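File shown here: protein_38.json, holding JSON, C-alpha atoms.
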[["chain", "number", "residue", "atom", "x", "y", "z"],
["A", 864, "MET", "CA", -14.74, -57.71, -9.47],
["A", 865, "GLU", "CA", -13.28, -54.33, -8.53],
["A", 866, "GLN", "CA", -10.29, -54.87, -10.85],
["A", 867, "LYS", "CA", -12.62, -55.75, -13.76],
["A", 868, "LEU", "CA", -14.63, -52.58, -13.09],
["A", 869, "MET", "CA", -11.48, -50.45, -13.06],
["A", 870, "ALA", "CA", -10.25, -52.08, -16.26],
["A", 871, "ALA", "CA", -13.60, -51.32, -17.92],
["A", 872, "HIS", "CA", -13.23, -47.62, -17.11],
["A", 873, "ARG", "CA", -9.53, -47.36, -17.99],
["A", 874, "GLY", "CA", -8.86, -44.87, -20.75],
["A", 875, "VAL", "CA", -12.48, -44.22, -21.73],
["A", 876, "LEU", "CA", -12.78, -42.06, -24.86],
["A", 877, "ARG", "CA", -14.81, -39.04, -23.85],
["A", 878, "GLU", "CA", -16.68, -36.29, -25.62],
["A", 879, "GLU", "CA", -13.93, -33.90, -24.53],
["A", 880, "ASN", "CA", -11.38, -35.84, -26.61],
["A", 881, "LEU", "CA", -13.53, -35.60, -29.73],
["A", 882, "ALA", "CA", -14.17, -31.89, -29.16],
["A", 883, "LEU", "CA", -10.42, -31.30, -28.75],
["A", 884, "ARG", "CA", -9.73, -33.14, -32.00],
["A", 885, "GLN", "CA", -12.39, -31.02, -33.68],
["A", 886, "ILE", "CA", -10.98, -27.62, -32.67],
["A", 887, "LEU", "CA", -7.35, -28.54, -33.37],
["A", 888, "GLY", "CA", -8.11, -30.45, -36.55],
["A", 889, "TYR", "CA", -6.26, -33.72, -36.05],
["A", 890, "THR", "CA", -7.37, -37.37, -36.46],
["A", 891, "ARG", "CA", -10.14, -36.35, -38.83],
["A", 892, "GLU", "CA", -11.94, -39.69, -38.81],
["A", 893, "SER", "CA", -12.90, -38.98, -35.21],
["A", 894, "ILE", "CA", -14.27, -35.58, -36.21],
["A", 895, "ASP", "CA", -16.73, -37.38, -38.48],
["A", 896, "ALA", "CA", -17.72, -39.63, -35.59],
["A", 897, "ALA", "CA", -18.31, -36.58, -33.40],
["A", 898, "ALA", "CA", -21.65, -35.90, -35.08],
["A", 899, "THR", "CA", -22.91, -39.31, -33.97],
["A", 900, "LEU", "CA", -21.78, -38.62, -30.41],
["A", 901, "GLN", "CA", -23.52, -35.21, -30.43],
["A", 902, "VAL", "CA", -20.37, -33.16, -29.98],
["A", 903, "PRO", "CA", -21.35, -29.59, -30.92],
["A", 904, "GLN", "CA", -19.74, -27.84, -33.85],
["A", 905, "ILE", "CA", -17.40, -25.25, -32.39],
["A", 906, "GLY", "CA", -16.56, -22.09, -34.31],
["A", 907, "ARG", "CA", -15.38, -21.75, -37.91],
["A", 908, "PHE", "CA", -12.21, -22.95, -39.59],
["A", 909, "ILE", "CA", -9.16, -20.79, -40.05],
["A", 910, "PRO", "CA", -8.97, -20.43, -43.85],
["A", 911, "ASN", "CA", -7.03, -23.21, -45.58],
["A", 912, "THR", "CA", -6.60, -25.19, -42.35],
["A", 913, "SER", "CA", -8.49, -27.80, -40.33],
["A", 914, "ILE", "CA", -8.02, -25.72, -37.14],
["A", 915, "LYS", "CA", -10.96, -23.82, -35.65],
["A", 916, "ASP", "CA", -10.63, -20.03, -35.39],
["A", 917, "ILE", "CA", -11.19, -19.66, -31.64],
["A", 918, "LEU", "CA", -9.71, -18.51, -28.36],
["A", 919, "ILE", "CA", -8.91, -21.23, -25.82],
["A", 920, "VAL", "CA", -9.60, -19.56, -22.46],
["A", 921, "ALA", "CA", -8.56, -21.22, -19.21],
["A", 922, "ILE", "CA", -10.19, -19.87, -16.05],
["A", 923, "ASP", "CA", -9.43, -20.82, -12.47],
["A", 924, "ILE", "CA", -11.16, -19.46, -9.38],
["A", 925, "ASP", "CA", -9.96, -20.05, -5.86],
["A", 926, "HIS", "CA", -12.20, -21.97, -3.47],
["A", 927, "ILE", "CA", -15.44, -20.13, -2.70],
["A", 928, "LEU", "CA", -18.01, -20.92, -0.03],
["A", 929, "MET", "CA", -21.16, -21.25, -2.11],
["A", 930, "GLN", "CA", -23.43, -20.75, 0.92],
["A", 931, "LEU", "CA", -22.11, -17.20, 1.52],
["A", 932, "PRO", "CA", -22.81, -14.11, -0.62],
["A", 933, "ILE", "CA", -20.16, -14.08, -3.33],
["A", 934, "GLN", "CA", -19.56, -10.34, -3.01],
["A", 935, "ASP", "CA", -18.65, -10.70, 0.68],
["A", 936, "GLN", "CA", -15.75, -13.06, -0.05],
["A", 937, "SER", "CA", -12.27, -12.40, -1.40],
["A", 938, "HIS", "CA", -11.29, -14.13, -4.62],
["A", 939, "HIS", "CA", -8.28, -14.59, -6.85],
["A", 940, "ILE", "CA", -9.16, -15.49, -10.42],
["A", 941, "GLY", "CA", -6.82, -16.60, -13.18],
["A", 942, "VAL", "CA", -7.45, -16.20, -16.91],
["A", 943, "SER", "CA", -5.12, -17.51, -19.65],
["A", 944, "LEU", "CA", -5.73, -17.30, -23.39],
["A", 945, "LEU", "CA", -4.35, -19.02, -26.48],
["A", 946, "ASP", "CA", -5.40, -17.84, -29.94],
["A", 947, "THR", "CA", -5.50, -20.82, -32.31],
["A", 948, "ARG", "CA", -4.38, -18.51, -35.12],
["A", 949, "CYS", "CA", -0.87, -18.85, -33.71],
["A", 950, "LEU", "CA", -1.04, -22.56, -34.55],
["A", 951, "ALA", "CA", -1.66, -21.79, -38.21],
["A", 952, "SER", "CA", 1.04, -19.10, -38.29],
["A", 953, "PRO", "CA", 3.40, -19.87, -35.37],
["A", 954, "VAL", "CA", 4.81, -16.90, -33.46],
["A", 955, "ASP", "CA", 8.58, -16.38, -33.18],
["A", 956, "ASP", "CA", 8.64, -16.71, -29.39],
["A", 957, "MET", "CA", 6.36, -19.49, -28.17],
["A", 958, "ARG", "CA", 6.47, -18.04, -24.65],
["A", 959, "GLU", "CA", 4.17, -15.32, -25.99],
["A", 960, "ALA", "CA", 1.56, -17.76, -27.33],
["A", 961, "ILE", "CA", -0.26, -17.87, -23.98],
["A", 962, "THR", "CA", -1.30, -14.63, -22.30],
["A", 963, "SER", "CA", -2.02, -14.92, -18.58],
["A", 964, "TYR", "CA", -3.80, -12.64, -16.12],
["A", 965, "GLN", "CA", -4.58, -12.77, -12.42],
["A", 966, "PHE", "CA", -7.27, -10.72, -10.71],
["A", 967, "ILE", "CA", -8.03, -10.21, -7.01],
["A", 968, "THR", "CA", -11.18, -8.72, -5.51],
["A", 969, "LYS", "CA", -9.99, -7.68, -2.03],
["A", 970, "ASP", "CA", -6.81, -6.84, -0.15],
["A", 971, "SER", "CA", -7.04, -10.01, 1.93],
["A", 972, "PRO", "CA", -4.21, -12.29, 3.13],
["A", 973, "SER", "CA", -5.12, -15.00, 0.59],
["A", 974, "CYS", "CA", -5.23, -12.47, -2.26],
["A", 975, "ARG", "CA", -1.92, -10.88, -1.22],
["A", 976, "ASN", "CA", -0.36, -14.35, -1.12],
["A", 977, "ALA", "CA", -1.68, -15.14, -4.60],
["A", 978, "GLU", "CA", -0.35, -11.80, -5.86],
["A", 979, "LYS", "CA", 3.11, -12.58, -4.48],
["A", 980, "ARG", "CA", 3.11, -16.05, -6.05],
["A", 981, "PHE", "CA", 1.84, -15.15, -9.54],
["A", 982, "LEU", "CA", 4.48, -16.04, -12.12],
["A", 983, "PHE", "CA", 3.29, -14.20, -15.21],
["A", 984, "GLY", "CA", 3.07, -10.48, -14.52],
["A", 985, "GLU", "CA", 1.23, -8.05, -12.31],
["A", 986, "THR", "CA", -2.00, -8.91, -10.49],
["A", 987, "GLU", "CA", -4.95, -6.58, -11.06],
["A", 988, "MET", "CA", -7.44, -5.49, -8.37],
["A", 989, "ILE", "CA", -10.96, -5.72, -9.76],
["A", 990, "SER", "CA", -14.61, -6.00, -8.71],
["A", 991, "LEU", "CA", -16.68, -9.01, -9.71],
["A", 992, "SER", "CA", -18.73, -6.89, -12.11],
["A", 993, "GLY", "CA", -15.48, -5.49, -13.45],
["A", 994, "LEU", "CA", -14.20, -9.05, -13.97],
["A", 995, "ALA", "CA", -17.18, -9.89, -16.19],
["A", 996, "THR", "CA", -16.48, -6.77, -18.25],
["A", 997, "ARG", "CA", -12.77, -7.61, -18.47],
["A", 998, "VAL", "CA", -13.42, -11.17, -19.70],
["A", 999, "ALA", "CA", -15.90, -9.82, -22.27],
["A", 1000, "GLU", "CA", -13.20, -7.44, -23.52],
["A", 1001, "LEU", "CA", -10.62, -10.26, -23.80],
["A", 1002, "VAL", "CA", -12.89, -12.44, -25.95],
["A", 1003, "HIS", "CA", -14.66, -9.64, -27.82],
["A", 1004, "GLY", "CA", -15.70, -10.62, -31.33],
["A", 1005, "ARG", "CA", -14.26, -14.16, -31.12],
["A", 1006, "ASP", "CA", -15.61, -17.65, -30.63],
["A", 1007, "TYR", "CA", -14.07, -19.27, -27.56],
["A", 1008, "VAL", "CA", -13.99, -22.38, -25.42],
["A", 1009, "LEU", "CA", -13.36, -22.58, -21.69],
["A", 1010, "VAL", "CA", -10.80, -24.79, -19.94],
["A", 1011, "GLY", "CA", -10.33, -25.73, -16.29],
["A", 1012, "HIS", "CA", -9.11, -28.54, -14.09],
["A", 1013, "GLY", "CA", -12.23, -29.70, -12.27],
["A", 1014, "THR", "CA", -14.73, -27.24, -13.74],
["A", 1015, "VAL", "CA", -17.93, -27.92, -11.78],
["A", 1016, "GLU", "CA", -17.42, -25.34, -9.02],
["A", 1017, "ASP", "CA", -15.80, -22.79, -11.32],
["A", 1018, "VAL", "CA", -18.78, -22.91, -13.66],
["A", 1019, "LYS", "CA", -21.15, -22.35, -10.73],
["A", 1020, "VAL", "CA", -19.19, -19.28, -9.65],
["A", 1021, "LEU", "CA", -18.95, -17.90, -13.19],
["A", 1022, "ASN", "CA", -22.69, -18.24, -13.54],
["A", 1023, "ARG", "CA", -23.13, -16.19, -10.37],
["A", 1024, "ILE", "CA", -20.73, -13.53, -11.65],
["A", 1025, "ASP", "CA", -22.16, -13.37, -15.19],
["A", 1026, "PRO", "CA", -23.96, -16.27, -16.92],
["A", 1027, "ASP", "CA", -22.87, -14.98, -20.34],
["A", 1028, "ILE", "CA", -19.25, -16.04, -19.70],
["A", 1029, "VAL", "CA", -20.29, -19.69, -19.73],
["A", 1030, "GLY", "CA", -23.30, -19.19, -21.99],
["A", 1031, "ARG", "CA", -21.27, -17.81, -24.90],
["A", 1032, "ALA", "CA", -18.59, -20.52, -24.68],
["A", 1033, "GLY", "CA", -18.65, -23.03, -27.52],
["A", 1034, "TYR", "CA", -17.46, -25.80, -25.21],
["A", 1035, "ILE", "CA", -16.08, -26.40, -21.70],
["A", 1036, "PHE", "CA", -13.02, -28.64, -21.39],
["A", 1037, "ASP", "CA", -12.29, -30.26, -18.05],
["A", 1038, "THR", "CA", -8.70, -31.52, -18.11],
["A", 1039, "VAL", "CA", -9.59, -34.08, -15.43],
["A", 1040, "LYS", "CA", -11.88, -35.82, -17.93],
["A", 1041, "THR", "CA", -9.84, -35.02, -21.04],
["A", 1042, "ALA", "CA", -6.83, -36.84, -19.55],
["A", 1043, "GLN", "CA", -8.58, -40.19, -19.13],
["A", 1044, "PHE", "CA", -8.20, -41.49, -22.69],
["A", 1045, "PRO", "CA", -4.75, -40.26, -23.80],
["A", 1046, "LEU", "CA", -3.18, -41.26, -20.47],
["A", 1047, "GLN", "CA", -5.26, -44.45, -20.16],
["A", 1048, "LEU", "CA", -6.43, -43.63, -16.63],
["A", 1049, "TYR", "CA", -9.24, -45.09, -14.55],
["A", 1050, "TYR", "CA", -8.82, -42.50, -11.78],
["A", 1051, "ARG", "CA", -8.45, -38.72, -11.65],
["A", 1052, "TYR", "CA", -5.18, -36.85, -11.46],
["A", 1053, "ASN", "CA", -4.93, -33.60, -9.55],
["A", 1054, "LEU", "CA", -3.34, -30.75, -11.50],
["A", 1055, "GLU", "CA", 0.13, -31.20, -10.04],
["A", 1056, "THR", "CA", 0.21, -34.93, -10.85],
["A", 1057, "LEU", "CA", -1.13, -34.29, -14.35],
["A", 1058, "LEU", "CA", 1.58, -31.69, -15.06],
["A", 1059, "ASP", "CA", 4.26, -34.05, -13.80],
["A", 1060, "GLU", "CA", 2.93, -36.85, -16.00],
["A", 1061, "LEU", "CA", 3.00, -34.54, -19.03],
["A", 1062, "GLY", "CA", 6.51, -33.29, -18.25],
["A", 1063, "ILE", "CA", 5.40, -29.66, -17.79],
["A", 1064, "LYS", "CA", 7.53, -27.74, -15.31],
["A", 1065, "HIS", "CA", 5.40, -25.79, -12.86],
["A", 1066, "ALA", "CA", 5.50, -23.90, -9.58],
["A", 1067, "ASN", "CA", 3.31, -21.94, -7.17],
["A", 1068, "LEU", "CA", 0.11, -23.84, -7.84],
["A", 1069, "HIS", "CA", -3.02, -22.76, -5.96],
["A", 1070, "ALA", "CA", -2.51, -19.18, -7.08],
["A", 1071, "ALA", "CA", -5.37, -18.91, -9.58],
["A", 1072, "GLY", "CA", -3.36, -17.15, -12.28],
["A", 1073, "ASN", "CA", -0.76, -19.92, -12.30],
["A", 1074, "ASP", "CA", -3.36, -22.72, -12.20],
["A", 1075, "ALA", "CA", -5.16, -21.31, -15.25],
["A", 1076, "HIS", "CA", -1.89, -21.00, -17.18],
["A", 1077, "PHE", "CA", -0.74, -24.54, -16.42],
["A", 1078, "ALA", "CA", -4.20, -26.06, -17.01],
["A", 1079, "LEU", "CA", -4.12, -24.60, -20.52],
["A", 1080, "LYS", "CA", -0.66, -26.05, -21.14],
["A", 1081, "ALA", "CA", -1.92, -29.42, -19.86],
["A", 1082, "LEU", "CA", -4.77, -29.36, -22.41],
["A", 1083, "LEU", "CA", -2.30, -28.75, -25.24],
["A", 1084, "MET", "CA", -0.11, -31.68, -24.18],
["A", 1085, "LEU", "CA", -3.15, -33.93, -23.80],
["A", 1086, "ALA", "CA", -3.92, -33.16, -27.45],
["A", 1087, "VAL", "CA", -0.35, -34.16, -28.35],
["A", 1088, "ARG", "CA", -0.59, -37.43, -26.41],
["A", 1089, "ASP", "CA", -4.01, -38.15, -27.90],
["A", 1090, "GLY", "CA", -2.99, -37.35, -31.47],
["A", 1091, "ARG", "CA", 0.19, -39.36, -31.40],
["A", 1092, "LEU", "CA", -1.68, -42.45, -30.18],
["A", 1093, "GLY", "CA", -3.30, -42.83, -33.60],
["A", 1094, "GLN", "CA", -0.96, -40.82, -35.75],
["A", 1095, "HIS", "CA", -0.27, -41.91, -39.32],
["A", 1096, "PRO", "CA", 3.45, -41.68, -40.14],
["A", 1097, "GLU", "CA", 2.75, -40.06, -43.51],
["A", 1098, "ASN", "CA", 0.73, -37.19, -41.99],
["A", 1099, "SER", "CA", 3.51, -34.63, -41.58],
["A", 1100, "GLY", "CA", 0.96, -31.82, -41.17],
["A", 1101, "GLU", "CA", -0.32, -33.30, -37.93],
["A", 1102, "GLU", "CA", 3.21, -33.82, -36.64],
["A", 1103, "ASP", "CA", 3.95, -30.14, -37.31],
["A", 1104, "LEU", "CA", 0.87, -29.27, -35.24],
["A", 1105, "PHE", "CA", 1.89, -31.57, -32.38],
["A", 1106, "SER", "CA", 5.40, -30.14, -32.42],
["A", 1107, "THR", "CA", 4.00, -26.61, -32.11],
["A", 1108, "LEU", "CA", 1.66, -27.59, -29.27],
["A", 1109, "ASP", "CA", 4.51, -29.37, -27.48],
["A", 1110, "THR", "CA", 6.73, -26.31, -27.82],
["A", 1111, "ILE", "CA", 4.07, -24.01, -26.39],
["A", 1112, "ALA", "CA", 3.30, -26.37, -23.50],
["A", 1113, "HIS", "CA", 6.99, -26.62, -22.62],
["A", 1114, "ALA", "CA", 7.88, -22.98, -23.23],
["A", 1115, "PRO", "CA", 10.28, -22.04, -20.41],
["A", 1116, "VAL", "CA", 9.09, -20.19, -17.33],
["A", 1117, "ASN", "CA", 11.66, -18.52, -15.12],
["A", 1118, "LEU", "CA", 10.79, -20.66, -12.13],
["A", 1119, "SER", "CA", 14.18, -20.34, -10.40],
["A", 1120, "VAL", "CA", 13.66, -16.62, -9.81],
["A", 1121, "LEU", "CA", 9.95, -16.57, -9.14],
["A", 1122, "ILE", "CA", 9.34, -19.57, -6.90],
["A", 1123, "SER", "CA", 8.58, -18.18, -3.45],
["A", 1124, "LYS", "CA", 10.06, -20.33, -0.74],
["A", 1125, "SER", "CA", 10.70, -19.62, 2.89],
["A", 1126, "PRO", "CA", 14.39, -19.64, 3.80],
["A", 1127, "PRO", "CA", 15.44, -22.90, 5.40],
["A", 1128, "LYS", "CA", 15.46, -22.88, 9.18],
["A", 1129, "PRO", "CA", 18.85, -23.38, 10.87],
["A", 1130, "PHE", "CA", 19.36, -26.84, 12.25],
["A", 1131, "ALA", "CA", 18.73, -27.11, 15.95],
["A", 1132, "PRO", "CA", 19.16, -30.40, 17.79],
["A", 1133, "LYS", "CA", 16.04, -31.64, 19.50],
["A", 1134, "LYS", "CA", 15.92, -31.24, 23.24],
["A", 1135, "GLU", "CA", 15.90, -34.52, 25.10],
["A", 1136, "LYS", "CA", 12.53, -35.10, 26.76],
["A", 1137, "LEU", "CA", 12.57, -35.99, 30.46],
["A", 1138, "GLY", "CA", 10.54, -38.83, 31.91],
["A", 1139, "ILE", "CA", 8.16, -38.32, 34.80],
["A", 1140, "TYR", "CA", 10.63, -39.62, 37.41],
["A", 1141, "ALA", "CA", 13.43, -37.45, 36.06],
["A", 1142, "LYS", "CA", 11.13, -34.42, 36.25],
["A", 1143, "ARG", "CA", 10.25, -35.22, 39.89],
["A", 1144, "ARG", "CA", 13.91, -35.64, 40.77],
["A", 1145, "LEU", "CA", 14.78, -32.33, 39.09],
["A", 1146, "ARG", "CA", 12.00, -30.53, 40.99],
["A", 1147, "ALA", "CA", 13.21, -32.03, 44.27],
["A", 1148, "GLU", "CA", 16.78, -30.86, 43.55],
["A", 1149, "MET", "CA", 15.58, -27.34, 42.71],
["A", 1150, "LYS", "CA", 13.50, -27.24, 45.90],
["A", 1151, "ALA", "CA", 16.50, -28.35, 48.03],
["A", 1152, "LYS", "CA", 18.69, -25.62, 46.46],
["A", 1153, "ARG", "CA", 16.08, -22.96, 47.29],
["A", 1154, "LYS", "CA", 15.98, -24.09, 50.91],
["A", 1155, "ILE", "CA", 19.77, -23.87, 51.16],
["A", 1156, "LEU", "CA", 19.72, -20.36, 49.69],
["A", 1157, "GLU", "CA", 16.95, -19.27, 52.06],
["A", 1158, "ALA", "CA", 18.89, -20.61, 55.07],
["A", 1159, "THR", "CA", 22.14, -18.89, 54.05],
["A", 1160, "PRO", "CA", 22.47, -15.31, 55.53],
["A", 1161, "PRO", "CA", 23.09, -12.45, 53.07],
["A", 1162, "ALA", "CA", 26.74, -11.57, 52.48],
["A", 1163, "GLN", "CA", 26.46, -8.21, 54.25],
["A", 1164, "THR", "CA", 24.97, -9.78, 57.40],
["A", 1165, "ALA", "CA", 27.76, -12.33, 57.53],
["A", 1166, "VAL", "CA", 30.43, -9.61, 57.32],
["A", 1167, "GLU", "CA", 28.82, -7.61, 60.15],
["A", 1168, "SER", "CA", 28.73, -10.72, 62.34],
["A", 1169, "LEU", "CA", 32.43, -11.21, 61.81],
["A", 1170, "GLU", "CA", 33.23, -7.61, 62.71],
["A", 1171, "GLU", "CA", 31.19, -7.80, 65.92],
["A", 1172, "GLY", "CA", 32.98, -10.96, 66.87],
["A", 1173, "ASN", "CA", 36.35, -9.15, 66.51]]
Representation of the structure as C-alpha cells:
Amino acid sequence: MEQKLMAAHRGVLREENLALRQILGYTRESIDAAATLQVPQIGRFIPNTSIKDILIVAIDIDHILMQLPIQDQSHHIGVSLLDTRCLASPVDDMREAITSYQFITKDSPSCRNAEKRFLFGETEMISLSGLATRVAELVHGRDYVLVGHGTVEDVKVLNRIDPDIVGRAGYIFDTVKTAQFPLQLYYRYNLETLLDELGIKHANLHAAGNDAHFALKALLMLAVRDGRLGQHPENSGEEDLFSTLDTIAHAPVNLSVLISKSPPKPFAPKKEKLGIYAKRRLRAEMKAKRKILEATPPAQTAVESLEEGN
C-alpha cells in the first residue's frame, strides 16, 4: 500500500513547472495548458522571443524564531538576481549572469561566520528597514519572481519585513516542489542533495548569500532537466536556451580558495582506558609510594645523623 502511494506521488507535475516553462518560454504546449491550471501570467515577453522580461530573484534568510520580535534577532539574508534579458542576448562571461549579495543585521557570531563564508563578494551591514529599501532598489521598474528552497518560513519573514517584497512578485518558486517532476521524486531533497543531483559544485551552504546563489542555479538546471524530458530534436532554439542555462548554472566558482575549513588536527593515539580493578591497583601503588616517601628522612637529616655518629 505504501509503495503504491509513493508511486502515485512520484514525479508529480506541479504548477511551479508550468510557471517555469512560461517564463523561460520552452515546451509551449504546456504554456497553453497553464491557463486551465490557473497559472498566472507573469510579466511581458522580451521582444521577438518567448522569454518573459523579468528578474529571477532568489532570497534566503537564516533561521528565525518567529515567536520573538524580529528586530531583536540577528539575521543574514542572501539575495541573488538573474535578468532574463541575458538569455536572449547572452553575456560574454556567464559568471556575471548572476549577481549575489549578502546582508547582515548585527555583529553577532552567526553573522560574522556567514560573512567569513560568503563566496561572492563583501557582506553588507544593514537594518531590516534598509533591507526592504535595498531589495526595492534592486528590482526597481522590473517585473520579478522570487525563488527559494523551502519558501514557507522565508515568505513569513519577508512579510514581516515588508509585505510588498512578496506582494509585488509575479510568482514564488520553491525548488523543493519544482524538483519533483523533472527528477521524478516522491520525496523532498535538501539543497545540498539537490545540487549534487544536478551536478552543481557548491560550498559553504547555510550562509544565506551562498544558499540564495545556489538555489537560483538549481532552478535553472531544473528547467534544463524539465525541458529536455520532452524536447523535440528539431527545436534548436530550445536547445540553445538549455545550453545557456546549463552554462550559467555550472559557471565556475573559485571554491578551492574560498572554502573555509579548519586545519586538520594532528593525529594523537587514543589513551588506553583503565578498568576499575586496574584503577584500584594503581591507587594502591601510589598510596604505598607516598607512605615510603613519608617514612624516609630528608637528605639533610640523614647526613647530620651520619656526622654525629662519626
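The nearest approach to A:Ala921 among the residues A:Arg1091, A:Lys1154, A:Lys1080, A:Arg1144, with all atoms listed in the file taken into account, belongs to A:Lys1080.
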Exercise for review: Please tell me which residues are no farther than 12 Å from (-3.9, -30.1, -9.8) in the file, counting only C-alpha atoms, and write them as a PyMOL selection string.
Suggested key: chain A and resi 923+1011-1014+1037-1039+1051-1060+1065-1071+1073-1078+1081
The selected residues should be written to file as an mmCIF file, in the frame of the given file (atoms: C-alpha atoms).
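Final file, part_9.cif:
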data_model
loop_
_atom_site.group_PDB
_atom_site.id
_atom_site.type_symbol
_atom_site.label_atom_id
_atom_site.label_comp_id
_atom_site.auth_asym_id
_atom_site.auth_seq_id
_atom_site.Cartn_x
_atom_site.Cartn_y
_atom_site.Cartn_z
ATOM 1 C CA ASP A 923 -9.430 -20.820 -12.470
ATOM 2 C CA GLY A 1011 -10.330 -25.730 -16.290
ATOM 3 C CA HIS A 1012 -9.110 -28.540 -14.090
ATOM 4 C CA GLY A 1013 -12.230 -29.700 -12.270
ATOM 5 C CA THR A 1014 -14.730 -27.240 -13.740
ATOM 6 C CA ASP A 1037 -12.290 -30.260 -18.050
ATOM 7 C CA THR A 1038 -8.700 -31.520 -18.110
ATOM 8 C CA VAL A 1039 -9.590 -34.080 -15.430
ATOM 9 C CA ARG A 1051 -8.450 -38.720 -11.650
ATOM 10 C CA TYR A 1052 -5.180 -36.850 -11.460
ATOM 11 C CA ASN A 1053 -4.930 -33.600 -9.550
ATOM 12 C CA LEU A 1054 -3.340 -30.750 -11.500
ATOM 13 C CA GLU A 1055 0.130 -31.200 -10.040
ATOM 14 C CA THR A 1056 0.210 -34.930 -10.850
ATOM 15 C CA LEU A 1057 -1.130 -34.290 -14.350
ATOM 16 C CA LEU A 1058 1.580 -31.690 -15.060
ATOM 17 C CA ASP A 1059 4.260 -34.050 -13.800
ATOM 18 C CA GLU A 1060 2.930 -36.850 -16.000
ATOM 19 C CA HIS A 1065 5.400 -25.790 -12.860
ATOM 20 C CA ALA A 1066 5.500 -23.900 -9.580
ATOM 21 C CA ASN A 1067 3.310 -21.940 -7.170
ATOM 22 C CA LEU A 1068 0.110 -23.840 -7.840
ATOM 23 C CA HIS A 1069 -3.020 -22.760 -5.960
ATOM 24 C CA ALA A 1070 -2.510 -19.180 -7.080
ATOM 25 C CA ALA A 1071 -5.370 -18.910 -9.580
ATOM 26 C CA ASN A 1073 -0.760 -19.920 -12.300
ATOM 27 C CA ASP A 1074 -3.360 -22.720 -12.200
ATOM 28 C CA ALA A 1075 -5.160 -21.310 -15.250
ATOM 29 C CA HIS A 1076 -1.890 -21.000 -17.180
ATOM 30 C CA PHE A 1077 -0.740 -24.540 -16.420
ATOM 31 C CA ALA A 1078 -4.200 -26.060 -17.010
ATOM 32 C CA ALA A 1081 -1.920 -29.420 -19.860
#
Point to revise | Given all atoms listed in the file as the counted atoms, nearest of A:Ile919, A:Ile905, A:Leu1046, A:Cys974 to A:Arg873 | key: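 Comparing A:Ile919, A:Ile905, A:Leu1046, A:Cys974 against A:Arg873, the winner is A:Leu1046.
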Each residue of stretch 961-1061 of chain A lying at most 12 Å from stretch 1109-1115 of chain A should get a row with its shortest atom-to-atom pair and the distance in Å to one decimal, counting all atoms listed in the file; could you produce that, ordered by chain and increasing number, as CSV?
residue,atom,partner,partner_atom,distance
A:Ile961,CA,A:Ile1111,CA,7.9
A:Thr962,CA,A:Ile1111,CA,11.6
A:Leu982,CA,A:Pro1115,CA,11.8
A:Phe983,CA,A:Pro1115,CA,11.7
A:Leu1058,CA,A:Ala1112,CA,10.1
A:Asp1059,CA,A:His1113,CA,11.9
A:Leu1061,CA,A:Ala1112,CA,9.3
Practice item. Please measure the separation of atom CA of A:Leu876 and atom CA of A:Tyr1049, giving the value in Å to one decimal. Key: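 Value for the atom CA of A:Leu876-atom CA of A:Tyr1049 distance: 11.3 Å.
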**Study point:** Atom pair atom CA of A:Phe981 / atom CA of A:Thr947: separation (Å)
**Key:**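 So the two atoms, atom CA of A:Phe981 and atom CA of A:Thr947, lie 24.6 Å apart.
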Point to revise | Contacts of A:Val1018 at 12 Å (only C-alpha atoms; same-chain gap of 6+ positions) as a ChimeraX atom specification | key: /A:921-924,927,929,1009-1012,1024-1030,1032,1034-1037
Go ahead and save the picked residues with C-alpha atoms, as an mmCIF file, in the coordinates of the input.
data_model
loop_
_atom_site.group_PDB
_atom_site.id
_atom_site.type_symbol
_atom_site.label_atom_id
_atom_site.label_comp_id
_atom_site.auth_asym_id
_atom_site.auth_seq_id
_atom_site.Cartn_x
_atom_site.Cartn_y
_atom_site.Cartn_z
ATOM 1 C CA ALA A 921 -8.560 -21.220 -19.210
ATOM 2 C CA ILE A 922 -10.190 -19.870 -16.050
ATOM 3 C CA ASP A 923 -9.430 -20.820 -12.470
ATOM 4 C CA ILE A 924 -11.160 -19.460 -9.380
ATOM 5 C CA ILE A 927 -15.440 -20.130 -2.700
ATOM 6 C CA MET A 929 -21.160 -21.250 -2.110
ATOM 7 C CA LEU A 1009 -13.360 -22.580 -21.690
ATOM 8 C CA VAL A 1010 -10.800 -24.790 -19.940
ATOM 9 C CA GLY A 1011 -10.330 -25.730 -16.290
ATOM 10 C CA HIS A 1012 -9.110 -28.540 -14.090
ATOM 11 C CA ILE A 1024 -20.730 -13.530 -11.650
ATOM 12 C CA ASP A 1025 -22.160 -13.370 -15.190
ATOM 13 C CA PRO A 1026 -23.960 -16.270 -16.920
ATOM 14 C CA ASP A 1027 -22.870 -14.980 -20.340
ATOM 15 C CA ILE A 1028 -19.250 -16.040 -19.700
ATOM 16 C CA VAL A 1029 -20.290 -19.690 -19.730
ATOM 17 C CA GLY A 1030 -23.300 -19.190 -21.990
ATOM 18 C CA ALA A 1032 -18.590 -20.520 -24.680
ATOM 19 C CA TYR A 1034 -17.460 -25.800 -25.210
ATOM 20 C CA ILE A 1035 -16.080 -26.400 -21.700
ATOM 21 C CA PHE A 1036 -13.020 -28.640 -21.390
ATOM 22 C CA ASP A 1037 -12.290 -30.260 -18.050
#
Point to revise | Selection near stretch 886-889 of chain A, 10 Å with all atoms listed in the file, sequence-local residues under 3 positions removed, as a PyMOL selection string | key: chain A and resi 881-883+892-894+904-908+912-917+919+947+950+1008+1083+1086-1087+1089-1091+1093-1094+1098+1100-1102+1104-1105+1108
Report, as JSON, the axis-aligned box around all atoms of stretch 1097-1116 of chain A present in the file, extended by 3 Å on each side; give centre and edge lengths in Å to one decimal place.
{"center_x": 5.0, "center_y": -30.1, "center_z": -30.4, "size_x": 16.6, "size_y": 25.9, "size_z": 32.2}
Revision key, fill the gap. The distance between atom CA of A:Glu879 and atom CA of A:Leu1082 is 10.4 Å
**Study point:** A:Arg975 surroundings by only C-alpha atoms, 12 Å radius, close-in-sequence under 4 positions cut, as an NGL selection string
**Key:** :A and (937-939 or 965-971 or 979-981 or 985-988 or 1070)
Practice item. Kindly extract all protein, DNA and RNA residues lying within 10 Å of the coordinates (0.2, -16.5, -25.5) given in the file, considering only C-alpha atoms, and supply them as an MDAnalysis selection string. Key: chainID A and resid 943:947 949 954 956:963 1076 1111
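Distance check against A:Val998 using only C-alpha atoms: of A:Leu928, A:Val920, A:Leu1048, A:Ile1063, the minimum falls on A:Val920.
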